[in-house]
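Chemist: Pasting in a structure now, in structure tokens, and then I'll have a few things to ask.
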Amino acid sequence: MTTVTARDVQMLRDALGPLRDREQIAERLLEASAKHSFDPDKELDWDAPAEDGKWFWPPELISLYDTPMWKRMSQEQRQELARHEAASLASLGIWFEIILMQLLVRHIYDKPVVSNHVRYALTEIADECRHSMMFGRMITWGGSPCYPVPRRYHNLARVLKTVSTTPGSFAATLLGEEILDWMQRLTFPDERVQTLVRGVTRIHVVEEARHVRYAREELRRQMVTAPRWERELTRVSCGEAARVFSVCFVNPQVYENVGLDRQEAVAQVKASGHRAEVMQSGAKRLTDFFDDIGVLSGVGRRLWKRSGLLA
């Protein structure tokens with residue numbers, strides 16, 4: 001087993017800058033959680049009906065937007081696709097949240113249980129429980145089916161939850177959070193979108209900002225202090241996670257459920273320059289960060305390019 005040396009640590013510290021104190025960061029995040037946490041069951045009007053003519057997701061973020069198929073679709077069919085894609089994304093979000101909760105529990109298992117770092121992790125787990133229930137309730141409210149990820153990826157996540165290293169866990173966490181967060185930041189102020197959907201995304205954006213800060217600071221720390229083999233494994237596993245994420249982002253069953261040819265729709269999404277730009281723009285802040293801390297290199301970088309999330 002290759003171990004990290006003092007020289008390795010110093011070189012990485014010089015490259016990445018000083019690490020912030022873990023306990024101080026957690027204390028600030030706990031203070032923010034106390035001031036800005038929400039109960040979706042009480043904050044949102046779940047009894048309100050869907051508003052006629054409003055979208056369930058901004059049209060520019062729909063997978064088929066600006067494709068030849070999109071141009072042939074009626075406005076009603078486009079909005080129906082938006083309703084199903086919103087449900088697909090919410091289903092993906094629940095899957096990620098459940099994985100994240102288990103990774104966080106594993107992370108804190110050997111940590112001091114009275115530390116701010118552990119207290120904040122438990123606070124975040126409570127947030128993710130509420131988010132998962134909120135997404136599930138939004139799917140039901142919208143009248144769309146739930147869209148689970150393909151079985152092979154569902155089972156692949158079982159392996160991830162069991163064997164993931166700490167830096168690998170936080171890298172996967174950020175992958176699952178930041179691209180959806182970018183889309184939701186465009187959604188909650190968009191008055192074309194259903195009021196309830198905007199409320200869901202607003203709550204998620206506010207609370208998720210703390211989760212992203214926690215994960216970024218811990219991953220930065222891990223990429224300085226972890227053994228070399230663990231850093232290399234993180235680069236590869238993160239690249240593979242990006243590939244899986246891009247495949248699972250929209251369940252292709254949504255196309256059949258709105259009366260479209262599934263194979264043609266999938267092909268047009270893959271060929272869409274607009275869609276590629278959306279996904280890469282959503283990942284840009286994350287890939288810049290990963291590049292800065294040394295996650296995007298070698299095989300991992302090539303996998304990210306193949307995923308379509310990195311230009």
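Letters A, B, ... go to the chains of the structure tokens in the order shown; residues in each chain start at 1; ligands are counted from 1 in the same order.
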Would you mind listing, for every residue of segment 95-143 of chain A within 10 Å of segment 41-65 of chain A, the two atoms forming the shortest contact and the distance between them in Å to one decimal, using only C-alpha atoms, sorted by chain and ascending residue number, as a Markdown table?
Modeler:
| residue | atom | partner | partner_atom | distance |
| --- | --- | --- | --- | --- |
| A:Arg130 | CA | A:Asp41 | CA | 8.9 |
| A:Met133 | CA | A:Asp41 | CA | 9.1 |
| A:Met134 | CA | A:Asp41 | CA | 7.7 |
| A:Arg137 | CA | A:Trp46 | CA | 8.4 |
| A:Met138 | CA | A:Trp46 | CA | 8.4 |
| A:Trp141 | CA | A:Trp46 | CA | 7.2 |
| A:Gly142 | CA | A:Ala50 | CA | 7.4 |
| A:Gly143 | CA | A:Ala50 | CA | 9.8 |
Chemist: Could you find all residues in segment 101-289 of chain A that DSSP calls helix (DSSP H, G or I) from the backbone, and write them as JSON, numbers by chain?
Modeler: {"A": [101, 102, 103, 104, 105, 106, 107, 108, 116, 117, 118, 119, 120, 121, 122, 123, 124, 125, 126, 127, 128, 129, 130, 131, 132, 133, 134, 135, 136, 137, 138, 139, 140, 141, 142, 151, 152, 153, 154, 155, 156, 157, 158, 159, 160, 161, 162, 163, 166, 167, 168, 169, 170, 171, 172, 173, 174, 175, 176, 177, 178, 179, 180, 181, 182, 183, 184, 185, 186, 187, 195, 196, 197, 198, 199, 200, 201, 202, 203, 204, 205, 206, 207, 208, 209, 210, 211, 212, 213, 214, 215, 216, 217, 218, 219, 220, 221, 222, 223, 224, 225, 228, 229, 230, 231, 232, 233, 234, 235, 236, 237, 238, 239, 240, 241, 242, 243, 244, 245, 246, 247, 248, 253, 254, 255, 256, 257, 262, 263, 264, 265, 266, 267, 268, 269, 270, 271, 273, 274, 275, 276, 277, 278, 279, 280, 281, 282, 283, 284, 285, 286, 287, 288, 289]}
Chemist: Sorted by chain and rising residue number, list the residues of segment 126-163 of chain A at most 9 Å from segment 74-93 of chain A (counting only C-alpha atoms), each with its closest atom pair and distance in Å to one decimal, as a Markdown table.
Modeler:
| residue | atom | partner | partner_atom | distance |
| --- | --- | --- | --- | --- |
| A:His131 | CA | A:Gly93 | CA | 8.7 |
| A:Ser132 | CA | A:Gly93 | CA | 7.4 |
| A:Phe135 | CA | A:Ala90 | CA | 5.3 |
| A:Gly136 | CA | A:Ala90 | CA | 7.2 |
| A:Met138 | CA | A:Ala87 | CA | 7.7 |
| A:Ile139 | CA | A:Ala87 | CA | 5.3 |
| A:Thr140 | CA | A:Ala87 | CA | 8.7 |
| A:Gly142 | CA | A:Arg83 | CA | 7.1 |
| A:Gly143 | CA | A:Arg83 | CA | 8.5 |
| A:Ser144 | CA | A:His84 | CA | 5.9 |
| A:Pro145 | CA | A:Ala87 | CA | 7.1 |
| A:Cys146 | CA | A:Ser91 | CA | 6.0 |
| A:Tyr147 | CA | A:Ser88 | CA | 5.1 |
| A:Pro148 | CA | A:Ser91 | CA | 6.1 |
| A:Val149 | CA | A:Leu92 | CA | 6.9 |
Chemist: Could you write out the selected residues, including all heavy atoms, as a short mmCIF file (atom, residue, chain, number, x, y, z; two decimals), in the first residue's frame?
Modeler:
data_model
loop_
_atom_site.label_atom_id
_atom_site.label_comp_id
_atom_site.auth_asym_id
_atom_site.auth_seq_id
_atom_site.Cartn_x
_atom_site.Cartn_y
_atom_site.Cartn_z
N HIS A 131 -35.77 16.53 2.06
CA HIS A 131 -35.72 16.74 0.61
C HIS A 131 -36.28 15.53 -0.13
O HIS A 131 -37.03 15.69 -1.12
CB HIS A 131 -34.28 16.99 0.16
CG HIS A 131 -33.70 18.26 0.67
ND1 HIS A 131 -32.37 18.58 0.55
CD2 HIS A 131 -34.27 19.30 1.32
CE1 HIS A 131 -32.14 19.75 1.09
NE2 HIS A 131 -33.28 20.21 1.58
N SER A 132 -35.92 14.34 0.31
CA SER A 132 -36.40 13.13 -0.36
C SER A 132 -37.92 13.03 -0.27
O SER A 132 -38.59 12.70 -1.26
CB SER A 132 -35.74 11.89 0.25
OG SER A 132 -34.35 11.91 0.03
N PHE A 135 -39.40 15.72 -2.64
CA PHE A 135 -39.38 15.34 -4.05
C PHE A 135 -40.44 14.28 -4.35
O PHE A 135 -41.11 14.34 -5.39
CB PHE A 135 -38.00 14.80 -4.43
CG PHE A 135 -36.91 15.84 -4.46
CD1 PHE A 135 -35.58 15.46 -4.31
CD2 PHE A 135 -37.19 17.17 -4.64
CE1 PHE A 135 -34.56 16.41 -4.34
CE2 PHE A 135 -36.19 18.13 -4.67
CZ PHE A 135 -34.87 17.74 -4.52
N GLY A 136 -40.58 13.32 -3.44
CA GLY A 136 -41.59 12.29 -3.64
C GLY A 136 -42.99 12.88 -3.66
O GLY A 136 -43.84 12.50 -4.48
N MET A 138 -43.73 15.93 -4.51
CA MET A 138 -43.88 16.70 -5.74
C MET A 138 -44.25 15.81 -6.92
O MET A 138 -45.08 16.18 -7.76
CB MET A 138 -42.60 17.47 -6.05
CG MET A 138 -42.74 18.45 -7.20
SD MET A 138 -41.17 19.23 -7.69
CE MET A 138 -40.50 17.94 -8.76
N ILE A 139 -43.64 14.63 -7.00
CA ILE A 139 -43.97 13.69 -8.07
C ILE A 139 -45.44 13.32 -8.00
O ILE A 139 -46.17 13.35 -9.00
CB ILE A 139 -43.08 12.43 -7.97
CG1 ILE A 139 -41.62 12.78 -8.24
CG2 ILE A 139 -43.57 11.36 -8.96
CD1 ILE A 139 -40.65 11.65 -7.92
N THR A 140 -45.90 12.98 -6.80
CA THR A 140 -47.32 12.62 -6.62
C THR A 140 -48.23 13.78 -6.95
O THR A 140 -49.26 13.62 -7.64
CB THR A 140 -47.55 12.16 -5.17
OG1 THR A 140 -46.71 11.04 -4.89
CG2 THR A 140 -49.00 11.77 -4.95
N GLY A 142 -47.74 16.20 -9.01
CA GLY A 142 -47.76 16.46 -10.44
C GLY A 142 -48.47 15.41 -11.25
O GLY A 142 -48.74 15.63 -12.44
N GLY A 143 -48.77 14.27 -10.63
CA GLY A 143 -49.50 13.23 -11.34
C GLY A 143 -48.68 12.40 -12.30
O GLY A 143 -49.23 11.67 -13.13
N SER A 144 -47.36 12.48 -12.19
CA SER A 144 -46.48 11.68 -13.04
C SER A 144 -46.03 10.43 -12.29
O SER A 144 -46.04 10.40 -11.06
CB SER A 144 -45.24 12.49 -13.45
OG SER A 144 -45.60 13.64 -14.16
N PRO A 145 -45.61 9.40 -13.02
CA PRO A 145 -45.05 8.23 -12.34
C PRO A 145 -43.66 8.54 -11.79
O PRO A 145 -43.02 9.52 -12.18
CB PRO A 145 -44.96 7.18 -13.45
CG PRO A 145 -44.85 7.97 -14.71
CD PRO A 145 -45.65 9.22 -14.48
N CYS A 146 -43.20 7.70 -10.89
CA CYS A 146 -41.82 7.77 -10.42
C CYS A 146 -40.93 7.11 -11.48
O CYS A 146 -41.37 6.17 -12.14
CB CYS A 146 -41.69 7.05 -9.08
SG CYS A 146 -40.07 7.19 -8.32
N TYR A 147 -39.73 7.60 -11.66
CA TYR A 147 -38.83 7.09 -12.68
C TYR A 147 -37.53 6.60 -12.04
O TYR A 147 -36.56 7.36 -11.95
CB TYR A 147 -38.53 8.17 -13.71
CG TYR A 147 -39.67 8.48 -14.65
CD1 TYR A 147 -40.51 9.56 -14.41
CD2 TYR A 147 -39.92 7.67 -15.76
CE1 TYR A 147 -41.56 9.86 -15.28
CE2 TYR A 147 -40.97 7.96 -16.63
CZ TYR A 147 -41.79 9.05 -16.38
OH TYR A 147 -42.83 9.33 -17.24
N PRO A 148 -37.48 5.36 -11.59
CA PRO A 148 -36.24 4.85 -10.98
C PRO A 148 -35.13 4.73 -12.01
O PRO A 148 -35.39 4.59 -13.22
CB PRO A 148 -36.66 3.47 -10.45
CG PRO A 148 -37.84 3.08 -11.28
CD PRO A 148 -38.54 4.34 -11.61
N VAL A 149 -33.88 4.78 -11.53
CA VAL A 149 -32.75 4.60 -12.44
C VAL A 149 -32.72 3.14 -12.89
O VAL A 149 -33.31 2.27 -12.25
CB VAL A 149 -31.41 4.96 -11.75
CG1 VAL A 149 -31.42 6.42 -11.32
CG2 VAL A 149 -31.13 4.05 -10.56
#
Chemist: Find the spatial neighbours of segment 115-124 of chain A, counting only C-alpha atoms, within a cut-off of 9 Å - ignore same-chain residues fewer than 2 positions away - and output them as a PyMOL selection string.
Modeler: chain A and resi 22-27+29-30+33+101+104-105+107-109+111-113+126-129+207-208+210-211+214
Chemist: Write out as JSON, numbers by chain each polymer residue whose atoms come within 10 Å of Leu180 of chain A, counting only C-alpha atoms; drop sequence neighbours fewer than 3 positions from it.
Modeler: {"A": [89, 90, 92, 93, 175, 176, 177, 183, 184, 185, 201, 204, 205, 249, 279, 282, 283]}
Chemist: Record the distance separating atom CA of Leu310 of chain A and atom CA of Pro189 of chain A, expressed in Å with one decimal.
Modeler: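 Computing it gives 26.8 Å between the two atoms.
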Chemist: Between A:Glu240, A:Asp190, A:Glu230, A:Glu256, which one has atoms that come closest to Arg301 of chain A, using only C-alpha atoms?
Modeler: A:Glu240
Chemist: So that I can check the surroundings of Arg216 of chain A, please list as a PyMOL selection string every protein, DNA and RNA residue that reaches within 10 Å of it, counting only C-alpha atoms and ignoring chain neighbours fewer than 4 positions away.
Modeler: chain A and resi 170-171+173-174+210-212+220-222+286+289-290+293
Chemist: How many Å separate atom CA of Ile99 of chain A from atom CA of Arg202 of chain A?
Modeler: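 Separating atom CA of Ile99 of chain A from atom CA of Arg202 of chain A is a distance of 22.2 Å.
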Chemist: At a cut-off of 9 Å, using only C-alpha atoms, what residues contact Val266 of chain A? Leave out same-chain residues fewer than 5 positions from it and give the result as number ranges by chain.
Modeler: A: 64, 252, 255, 261, 271
Chemist: Grab the atom CA of Asp21 of chain A to atom CA of Leu233 of chain A distance for me, in Å with one decimal place.
Modeler: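 Atom-to-atom, atom CA of Asp21 of chain A and atom CA of Leu233 of chain A are spaced 25.5 Å apart.
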Chemist: Considering only C-alpha atoms, return as a ChimeraX atom specification whatever protein or nucleic-acid residues lie within 10 Å of segment 154-163 of chain A, sequence-local ones (same chain, fewer than 5 positions apart) excluded.
Modeler: /A:95-96,98-104,106,148-149,168-169,172,237,241,244
Chemist: Of the residues A:Arg306, A:Arg28, A:Lys35, A:Arg262, which is the one nearest to Gln280 of chain A, using only C-alpha atoms?
Modeler: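 Answer, going by the shortest atom-to-atom distance: A:Arg306.
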